Structures are given as C-alpha cells and as structure tokens.
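Some notes on the structure that comes next.
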Amino acid sequence: MKTYYCWRCKKDMPFLEEDEWQQVSPHLTDAIRGIKEYRQKHGCDIATAHKYARPKAALLFEEITGMPGVQFDVIYHHRLADKGPECKKCGHLFRTPKASYCVNCGQTAEENK
Ligand SMILES: [Zn+2]
Ligand SMILES: [Zn+2]
C-alpha cells in the first residue's frame with residue numbers, strides 16, 4: 001500500500017499494490033452482487049444499499065490500509081497499477097499508465113524515466 005494524492009477523491013488516499021489488489025478484487029465482484037441482493041430484498045435505492053451491504057472488499061481494504069468505511073466503488077479506482085508511474089518531480093501519480101506527462105506539474109514521461 002502506498003499513499004498518493006487521488007484525483008477523484010481529491011485528497012491523499014491509500015493505493016493498493018498489485019498483490020494487495022489481488023486479495024481485494026475478487027470481493028469487489030461479490031460486493032456488486034451483495035448490493036444487488038440487498039436492494040432486491042429491501043427495495044431500497046442504491047445509496048442505501050451501499051451503506052448497509054457492508055461488502056467484504058471494504059473490510060479488507062480497511063485491514064490493508066487502516067482506512068475504514070471506504071466504499072467499494074472508491075476502492076475500484078485505487079489500484080496502483082492503473083494509475084501510472086510516480087512523478088519524480090512532484091510525487092503525484094501520472095493518472096494512467098499511458099499518460100505522456102504529469103497533470104500536476106507538467107513533467108513529461110520522457111523526463112520521468
Ligand atoms: Zn480515489
Ligand atoms: Zn509531477
């Protein structure tokens with residue numbers, strides 16, 4: 001686990017390294033199923049189901065990162081391998097593995113090698 005600024009959460013957040021991601025990701029699929037089932041059972045909206053379905057993915061994420069209460073849809077975009085390299089100049093992530101420059105400071109992928 002490493003902490004970086006997350007562009008979507010707009011704050012510093014833990015990102016999962018690949019071995020950690022492998023532990024959590026199977027439960028994300030379960031989480032979607034769990035939320036569907038919860039909704040069918042209780043006839044509630046999706047936000048309520050998110051709150052009460054308590055997927056295992058979130059518990060595992062808490063175990064690994066020490067951060068409780070993170071929704072599974074947030075966990076989804078906290079896979080380090082999807083976020084590209086760390087910028088050697090400013091320490092942010094490039095956002096995608098194919099990004100040609102750092103959105104934060106303008107360092108190019110070529111300069112970052
Ligand atoms: Zn995020
Ligand atoms: Zn940068």
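Quick note on naming: the chains in the structure tokens go A, B, ... in the order shown, residues restart at 1 in each chain, and ligands are numbered from 1 in order of appearance.
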Counting only C-alpha atoms and all ligand atoms, name the residues that have an atom within 6 Å of an atom of ligand 1; the answer should be given as a PDB file with N, CA and C atoms, in the first residue's frame.
ATOM      1  N   CYS A   6      -5.170  11.383  -4.649  1.00  0.00           N
ATOM      2  CA  CYS A   6      -6.114  10.805  -5.601  1.00  0.00           C
ATOM      3  C   CYS A   6      -6.907  11.926  -6.260  1.00  0.00           C
ATOM      4  N   ARG A   8      -9.552  11.710  -8.033  1.00  0.00           N
ATOM      5  CA  ARG A   8     -11.004  11.573  -7.954  1.00  0.00           C
ATOM      6  C   ARG A   8     -11.521  11.816  -6.554  1.00  0.00           C
ATOM      7  N   CYS A   9     -10.771  11.390  -5.533  1.00  0.00           N
ATOM      8  CA  CYS A   9     -11.186  11.646  -4.145  1.00  0.00           C
ATOM      9  C   CYS A   9     -10.779  13.050  -3.701  1.00  0.00           C
ATOM     10  N   VAL A  74     -15.114   3.290  -4.639  1.00  0.00           N
ATOM     11  CA  VAL A  74     -13.888   4.076  -4.473  1.00  0.00           C
ATOM     12  C   VAL A  74     -12.666   3.154  -4.552  1.00  0.00           C
ATOM     13  N   HIS A  77     -11.019   2.373  -8.018  1.00  0.00           N
ATOM     14  CA  HIS A  77     -10.031   3.205  -8.713  1.00  0.00           C
ATOM     15  C   HIS A  77      -8.761   3.414  -7.875  1.00  0.00           C
ATOM     16  N   HIS A  78      -8.574   2.574  -6.833  1.00  0.00           N
ATOM     17  CA  HIS A  78      -7.362   2.683  -6.029  1.00  0.00           C
ATOM     18  C   HIS A  78      -6.407   1.524  -6.250  1.00  0.00           C
TER      19      HIS A  78
END
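Among all protein and nucleic acid residues, the ones that lie within 8 Å of ligand 2 when counting only C-alpha atoms and all ligand atoms are Glu86, Cys87, Lys88, Lys89, Cys90, Gly91, His92, Leu93, Phe94, Tyr101, Cys102, Val103, Asn104, Cys105, Gly106 and Gln107 of chain A.
The neighbours of Glu63 of chain A here are the residues that come within 12 Å of it, using only C-alpha atoms and leaving out any residue fewer than 4 positions away in the same chain; they are A:Met1, A:Pro14, A:Leu16, A:Glu20, A:Gln23, A:Val24, A:Lys56, A:Ala57, A:Ala58, A:Leu59, A:Met67, A:Pro68, A:Gly69, A:Val70.
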Could you write out the selected residues, including C-alpha atoms, as a PDB file, in the first residue's frame?
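What ended up in selection17.pdb:
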ATOM      1  CA  MET A   1       0.000   0.000   0.000  1.00  0.00           C
ATOM      2  CA  PRO A  14      -4.036   4.705   0.062  1.00  0.00           C
ATOM      3  CA  LEU A  16      -3.236  -0.890  -3.435  1.00  0.00           C
ATOM      4  CA  GLU A  20      -2.953  -6.412  -2.308  1.00  0.00           C
ATOM      5  CA  GLN A  23      -6.660 -10.075  -2.452  1.00  0.00           C
ATOM      6  CA  VAL A  24      -9.328  -7.401  -2.651  1.00  0.00           C
ATOM      7  CA  LYS A  56     -16.003  -7.758   2.434  1.00  0.00           C
ATOM      8  CA  ALA A  57     -13.943  -5.718  -0.003  1.00  0.00           C
ATOM      9  CA  ALA A  58     -14.283  -2.656   2.222  1.00  0.00           C
ATOM     10  CA  LEU A  59     -13.275  -4.636   5.303  1.00  0.00           C
ATOM     11  CA  MET A  67      -8.780   3.365   6.445  1.00  0.00           C
ATOM     12  CA  PRO A  68     -12.337   2.396   7.461  1.00  0.00           C
ATOM     13  CA  GLY A  69     -15.582   2.969   5.599  1.00  0.00           C
ATOM     14  CA  VAL A  70     -14.275   3.218   2.053  1.00  0.00           C
TER      15      VAL A  70
END
- Task: From a DSSP calculation on the backbone, collect every residue of segment 8-106 of chain A in strand (DSSP E or B) and output the set as number ranges by chain.
- Result: A: 11-16, 79, 86, 93, 101
Next, write the just-selected residues to a file, as a PDB file, in the first residue's frame, keeping C-alpha atoms as the atom set.
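Wrote it out as out-v6.pdb, contents follow:
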ATOM      1  CA  LYS A  11      -7.203  14.029  -1.182  1.00  0.00           C
ATOM      2  CA  ASP A  12      -4.325  11.762  -0.166  1.00  0.00           C
ATOM      3  CA  MET A  13      -5.520   8.186  -0.238  1.00  0.00           C
ATOM      4  CA  PRO A  14      -4.036   4.705   0.062  1.00  0.00           C
ATOM      5  CA  PHE A  15      -3.499   2.875  -3.235  1.00  0.00           C
ATOM      6  CA  LEU A  16      -3.236  -0.890  -3.435  1.00  0.00           C
ATOM      7  CA  ARG A  79      -5.338   0.131  -7.902  1.00  0.00           C
ATOM      8  CA  GLU A  86       5.032   8.214  -9.731  1.00  0.00           C
ATOM      9  CA  LEU A  93       0.828   9.736  -9.925  1.00  0.00           C
ATOM     10  CA  TYR A 101       3.005  13.887 -18.829  1.00  0.00           C
TER      11      TYR A 101
END
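Residues with any atom within 8 Å of Ile35 of chain A, counting only C-alpha atoms and excluding same-chain neighbours fewer than 5 positions away, are Ile46, Ala49, His50 and Ala53 of chain A.
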Please write the residues from the selection above to a file, keeping N, CA and C atoms, as a compact mmCIF listing (two decimals), in the first residue's frame.
# COMPACT_ATOMS: atom_id res chain seq x y z
N ILE A 46 -29.94 2.65 -4.37
CA ILE A 46 -28.58 2.11 -4.43
C ILE A 46 -27.68 2.71 -3.34
N ALA A 49 -28.33 0.85 -0.15
CA ALA A 49 -27.77 -0.49 -0.23
C ALA A 49 -26.25 -0.45 -0.01
N HIS A 50 -25.58 0.55 -0.59
CA HIS A 50 -24.14 0.74 -0.40
C HIS A 50 -23.80 0.84 1.08
N ALA A 53 -24.87 -2.80 2.90
CA ALA A 53 -24.46 -4.11 2.39
C ALA A 53 -23.10 -4.54 2.96
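Put simply, atom CA of Phe72 of chain A is 12.4 Å away from atom CA of Trp21 of chain A.
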- Residue list (alpha helix (DSSP H), DSSP) for segment 39-108 of chain A, as a ChimeraX atom specification: /A:39-42,46-53,56-65,72-76
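Atom pair atom CA of Ile75 of chain A / atom CA of Asp19 of chain A: separated by 14.5 Å.
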Contacts of Tyr76 of chain A at 9 Å or less, counting only C-alpha atoms, minus same-chain residues fewer than 5 places along, as an mmCIF file with C-alpha atoms, in the first residue's frame?
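Listed below is the output, selection.cif:
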data_model
loop_
_atom_site.group_PDB
_atom_site.id
_atom_site.type_symbol
_atom_site.label_atom_id
_atom_site.label_comp_id
_atom_site.auth_asym_id
_atom_site.auth_seq_id
_atom_site.Cartn_x
_atom_site.Cartn_y
_atom_site.Cartn_z
ATOM 1 C CA SER A 25 -10.569 -7.551 -6.239
ATOM 2 C CA LEU A 28 -15.406 -6.349 -5.384
ATOM 3 C CA GLN A 71 -16.977 2.312 -0.478
#
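Each of A:Ile32, A:Leu80, A:Phe61, A:Ser100 was compared to Asn112 of chain A using only C-alpha atoms, and A:Ser100 turns out to be the nearest.
Taking atom CA of Gln22 of chain A as the reference point, atom CA of Tyr38 of chain A is found at 25.2 Å.
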- In terms of the shortest atom-to-atom distance over only C-alpha atoms, which of A:Pro97, A:Gly34, A:Pro55, A:Gly66 is closest to Gly84 of chain A? A:Pro97
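You can rank A:Thr65, A:Thr3, A:Pro85, A:Tyr52 by their closest distance to Ala109 of chain A using only C-alpha atoms, and at the top of that list sits A:Pro85.
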